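Report on the following structure.
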Amino acid sequence: MIICIVLAAVLALPAQEAPAPASAKPGAVPRIRLQRIAPQMTFRRPVQVVFEPGDDRRMYVLEQAGRVLVVDPEDRDAKEPKVFLDIKPQVNSRGNEEGLLSLAFHPDFAKNGRFFTYYTAIDAERRRSNVLSEWKVDADTGLPKEGSERRLITVADPYSNHNGGTVLFGRDGMLYLSCGDGGAANDPVQAGQDLGTMLAKVLRIDVDRTEGERPYGIPKDNPFVGTAGALPEIWAYGLRNVWRMSFDRKTGDLWGGDVGQNAYEEVDLIVKGGNYGWNPREGLHAFPDGRPGAFGGEYIDPVVEYPHSEGVSITGGYVWRSAKAPEHDGVYLYADLVSCRIWGIRARDGKLSQGPDVLMTTRNQLPTSFGESADGTLYLTTFEGSQDSRAKGAIWRILPAE
Ligand SMILES: [Ca+2]
Ligand SMILES: [Ca+2]
C-alpha cells in the first residue's frame with residue numbers, strides 16, 4: 001500500500017491542491033461522484049469493505065488495527081457500529097502497512113458460516129508473519145465462534161512493508177491471496193522471480209478439502225503443480241505488492257494494482273502462470289537493481305502504468321458492473337493513495353482500449369480500498385487527511401457524476 005511516508009508527504013500537497021483535470025476529450029470515461037456512507041460514524045483506518053454474500057445491507061468494514069464492523073449502508077443515522085470481530089491483540093498493526101488487511105466470505109457462507117481473514121502477526125521472538133485464517137460464524141449469535149480460528153497459511157515475512165493484502169474467491173470457488181515481496185526496497189530476499197517462496201505472488205488454493213499435511217487442497221490445474229522447486233500454491237508471480245485485486249464479475253478476469261518502488265505504479269491483468277516482472281522490471285521499464293530468476297519466462301506488461309508524478313501508491317479497484325451505472329459498464333476503476341486521483345480505463349484482450357481518464361480527485365481523502373456489493377454497487381474507503389497512525393477514515397458509495 002504505502003511506499004514511503006516522507007515521499008508521500010512531499011507529494012501529497014501539490015496533488016491534492018491541483019484542480020481535477022477536465023475529462024472532456026471525446027470518448028472519455030464519464031466522471032464520478034462520492035456519497036458518504038454512515039456519515040455520523042467514525043472509522044479508524046478503514047482498509048476494506050466487503051459484503052455478506054447476497055445481503056447488501058450488511059457491509060463489513062475492516063479497521064486496520066484488527067476490528068471488523070457491520071454497517072447498514074442505507075442507514076444515514078447509524079451512530080454506533082456493531083462489532084463483528086475484534087482480533088486486535090493478535091494482529092500486529094505497528095507498521096503503516098501492517099494489520100488486518102482483508103476478509104473474504106466463503107461463497108456458501110449462508111450455509112456454512114465460513115469466512116477468511118488475512119493479517120500480519122508477530123511472535124514473542126519478534127518474527128513477523130502474514131497469516132491466512134479461516135473462521136466460523138455461530139448460527140445462533142451471527143458472530144464468529146470463540147476459538148474457531150484455523151490458520152491455513154503462515155508466511156514468514158522479514159519487513160514491515162509489502163504484505164500484499166487481498167484474499168478473495170474466484171468464480172471457480174477457489175481462494176486467491178496476494179502476498180507482497182516481503183518488504184524493505186529492491187526485493188532484498190529476491191522473492192519476485194523465486195517460485196520457491198509465497199512472497200511476491202498470487203496464490204490459489206481449494207479451501208473445501210485438505211491434502212496431506214496441508215489444511216487445504218492444491219487445485220490440480222494450478223500452473224506450477226509438478227514443477228521442481230516451485231510451490232504448487234502459486235498462481236502468478238513477479239508481483240511486488242498487490243495491495244488490492246478483484247475479479248470482474250462478468251468476465252472472471254483478475255485485476256490487480258501492483259505498487260511500484262521508484263518510478264511506476266501499474267495495473268495488471270493477472271493470469272494463470274503469469275510473470276509480472278518484479279524485480280527485473282518495474283512497470284514497462286527495466287529496474288536498475290533488478291535480478292532475473294532461475295525460471296525465466298516472459299514478463300507480462302501492465303495494462304497501464306503511471307509515473308510517480310501522478311501518484312506513488314496504487315490502490316487497485318474493480319471493474320464496474322452495475323445496472324445503476326450503465327455508462328461505466330466495463331470500466332476498471334483504480335486510485336492512488338497519495339495523489340488521491342481515481343482513474344477509469346477499459347481494456348480489450350488485456351490491452352488498454354479507453355483512458356486512462358481521471359474521474360475525480362478525492363483531495364483530503366486518501367483512497368485505501370474499493371469494495372463491491374452483490375448488486376455491483378462500488379464503494380471506496382479512505383483515510384482522512386493523512387496516513388497518520390490515528391487516521392480517521394470514511395466510507396463512500398461511488399456514483400456516476402450528475
Ligand atoms: Ca512485509
Ligand atoms: Ca510488473
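Chain labels follow the order of the C-alpha cells: the first chain is A, the next B, and so on; residue numbering restarts at 1 in every chain, and ligands are counted from 1 in their shown order.
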>> Which residues are near ligand 2 - at most 10 Å, using only C-alpha atoms and all ligand atoms? Format: as a ChimeraX atom specification.
In response: /A:192,237-241,257-260,264-268,275-285,299-303,305
>> How would you report the residues lying within 6 Å of ligand 1, as a list in words, if you count only C-alpha atoms and all ligand atoms?
In response: Asp157, Pro158, Tyr159, Ser160, Asn161, His162, Asn163, Gly182 and Gly183 of chain A
Got time to write the residues from that selection, C-alpha atoms, as a PDB file, in the first residue's frame?
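Final output, out-v7.pdb:
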```
ATOM      1  CA  ASP A 157       7.929 -12.003   6.331  1.00  0.00           C
ATOM      2  CA  PRO A 158      11.147 -10.126   7.089  1.00  0.00           C
ATOM      3  CA  TYR A 159       9.994  -6.479   6.927  1.00  0.00           C
ATOM      4  CA  SER A 160       7.010  -4.418   7.991  1.00  0.00           C
ATOM      5  CA  ASN A 161       6.097  -3.236   4.490  1.00  0.00           C
ATOM      6  CA  HIS A 162       4.851  -5.037   1.356  1.00  0.00           C
ATOM      7  CA  ASN A 163       2.470  -7.540   2.893  1.00  0.00           C
ATOM      8  CA  GLY A 182       8.459  -9.141   1.980  1.00  0.00           C
ATOM      9  CA  GLY A 183       9.473  -5.509   2.060  1.00  0.00           C
TER      10      GLY A 183
END
```
>> List the spatial neighbours of Ser178 in chain A as a PyMOL selection string - criterion: any atom at most 12 Å away, only C-alpha atoms, same-chain residues fewer than 2 positions off excluded.
In response: chain A and resi 101-102+118-119+130-132+155+162-169+175-176+180-182+198-205+233-246+254-258+270
>> Taking 2 positions as the minimum chain separation for residues in the same chain, which residues sit within 12 Å of Thr42 in chain A when counting only C-alpha atoms? Answer as a ChimeraX atom specification.
In response: /A:36-40,44-46,61,63,69,71,78-81,381-384,390-395
Expected file: the selected residues, N, CA and C atoms, as an mmCIF file, in the first residue's frame:
```cif
data_model
loop_
_atom_site.group_PDB
_atom_site.id
_atom_site.type_symbol
_atom_site.label_atom_id
_atom_site.label_comp_id
_atom_site.auth_asym_id
_atom_site.auth_seq_id
_atom_site.Cartn_x
_atom_site.Cartn_y
_atom_site.Cartn_z
ATOM 1 N N ARG A 36 -21.240 9.889 0.948
ATOM 2 C CA ARG A 36 -20.722 9.328 2.198
ATOM 3 C C ARG A 36 -21.713 8.331 2.819
ATOM 4 N N ILE A 37 -21.192 7.235 3.328
ATOM 5 C CA ILE A 37 -21.976 6.199 3.998
ATOM 6 C C ILE A 37 -21.823 6.382 5.503
ATOM 7 N N ALA A 38 -22.923 6.184 6.225
ATOM 8 C CA ALA A 38 -22.893 6.306 7.692
ATOM 9 C C ALA A 38 -22.124 7.558 8.103
ATOM 10 N N PRO A 39 -22.594 8.734 7.669
ATOM 11 C CA PRO A 39 -21.806 9.964 7.859
ATOM 12 C C PRO A 39 -21.575 10.337 9.317
ATOM 13 N N GLN A 40 -22.368 9.779 10.211
ATOM 14 C CA GLN A 40 -22.181 10.136 11.623
ATOM 15 C C GLN A 40 -21.211 9.204 12.337
ATOM 16 N N ARG A 44 -11.664 4.056 12.120
ATOM 17 C CA ARG A 44 -10.216 4.217 12.294
ATOM 18 C C ARG A 44 -9.501 3.415 11.223
ATOM 19 N N ARG A 45 -8.806 4.094 10.383
ATOM 20 C CA ARG A 45 -8.017 3.422 9.340
ATOM 21 C C ARG A 45 -8.793 2.306 8.639
ATOM 22 N N PRO A 46 -9.914 2.638 8.006
ATOM 23 C CA PRO A 46 -10.631 1.596 7.267
ATOM 24 C C PRO A 46 -9.842 1.196 6.028
ATOM 25 N N VAL A 61 -16.828 -3.563 7.540
ATOM 26 C CA VAL A 61 -15.736 -2.588 7.410
ATOM 27 C C VAL A 61 -14.543 -3.082 8.212
ATOM 28 N N GLU A 63 -11.180 -2.348 10.024
ATOM 29 C CA GLU A 63 -10.252 -1.354 10.556
ATOM 30 C C GLU A 63 -8.889 -2.035 10.702
ATOM 31 N N LEU A 69 -16.351 -4.210 11.590
ATOM 32 C CA LEU A 69 -17.621 -3.608 11.996
ATOM 33 C C LEU A 69 -18.682 -3.907 10.949
ATOM 34 N N VAL A 71 -22.048 -2.523 9.160
ATOM 35 C CA VAL A 71 -22.750 -1.262 8.937
ATOM 36 C C VAL A 71 -23.837 -1.482 7.886
ATOM 37 N N ALA A 78 -27.008 5.930 11.401
ATOM 38 C CA ALA A 78 -26.232 4.997 12.229
ATOM 39 C C ALA A 78 -25.130 5.740 12.967
ATOM 40 N N LYS A 79 -25.040 5.459 14.264
ATOM 41 C CA LYS A 79 -24.017 6.119 15.085
ATOM 42 C C LYS A 79 -23.062 5.123 15.703
ATOM 43 N N GLU A 80 -23.597 4.017 16.201
ATOM 44 C CA GLU A 80 -22.771 3.030 16.886
ATOM 45 C C GLU A 80 -22.532 1.833 15.980
ATOM 46 N N PRO A 81 -21.270 1.504 15.742
ATOM 47 C CA PRO A 81 -21.003 0.324 14.913
ATOM 48 C C PRO A 81 -21.288 -0.960 15.676
ATOM 49 N N THR A 381 -13.071 3.176 0.472
ATOM 50 C CA THR A 381 -12.675 3.524 1.835
ATOM 51 C C THR A 381 -11.526 4.520 1.764
ATOM 52 N N THR A 382 -11.510 5.448 2.703
ATOM 53 C CA THR A 382 -10.449 6.464 2.693
ATOM 54 C C THR A 382 -9.931 6.732 4.100
ATOM 55 N N PHE A 383 -8.657 7.148 4.154
ATOM 56 C CA PHE A 383 -8.116 7.778 5.349
ATOM 57 C C PHE A 383 -8.291 9.280 5.160
ATOM 58 N N GLU A 384 -8.652 9.942 6.269
ATOM 59 C CA GLU A 384 -8.884 11.373 6.152
ATOM 60 C C GLU A 384 -7.599 12.141 6.408
ATOM 61 N N ARG A 390 -3.206 7.431 13.567
ATOM 62 C CA ARG A 390 -4.516 7.569 14.178
ATOM 63 C C ARG A 390 -5.580 7.993 13.161
ATOM 64 N N ALA A 391 -5.222 7.902 11.894
ATOM 65 C CA ALA A 391 -6.086 8.493 10.869
ATOM 66 C C ALA A 391 -7.532 8.030 10.996
ATOM 67 N N LYS A 392 -8.420 9.010 10.962
ATOM 68 C CA LYS A 392 -9.837 8.710 10.829
ATOM 69 C C LYS A 392 -10.091 8.367 9.376
ATOM 70 N N GLY A 393 -11.201 7.724 9.157
ATOM 71 C CA GLY A 393 -11.488 7.380 7.782
ATOM 72 C C GLY A 393 -12.975 7.416 7.512
ATOM 73 N N ALA A 394 -13.321 7.160 6.253
ATOM 74 C CA ALA A 394 -14.712 7.235 5.847
ATOM 75 C C ALA A 394 -14.986 6.196 4.760
ATOM 76 N N ILE A 395 -16.282 5.939 4.583
ATOM 77 C CA ILE A 395 -16.740 5.008 3.554
ATOM 78 C C ILE A 395 -17.630 5.799 2.586
#
```
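CA of Asn364 in chain A lies 27.1 Å from CA of Val83 in chain A.
You can rank A:Leu337, A:Leu352, A:Ile342, A:Ala191 by their closest distance to Pro292 in chain A using only C-alpha atoms, and at the top of that list sits A:Ala191.
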> So which one's closest to Thr315 in chain A, A:Leu143, A:Leu380, A:Ile122, A:Ala286? Using only C-alpha atoms, please.
Replying inline: A:Leu380
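Of the listed residues A:Leu34, A:Ile153, A:Val271, A:Val47, the one whose atoms come nearest to Gly217 in chain A is A:Ile153, with distances taken using only C-alpha atoms.
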> A:Asp248, A:Asp289, A:Glu402, A:Glu310: which is nearest Gly330 in chain A, counting only C-alpha atoms?
Replying inline: A:Asp248
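The space separating CA of Gln48 in chain A from CA of Thr368 in chain A comes to 7.5 Å.
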>> Write out as a count of residues only the set of residues from range 77-248 of chain A that DSSP, computed on the backbone, places in helix (DSSP H, G or I).
In response: 7
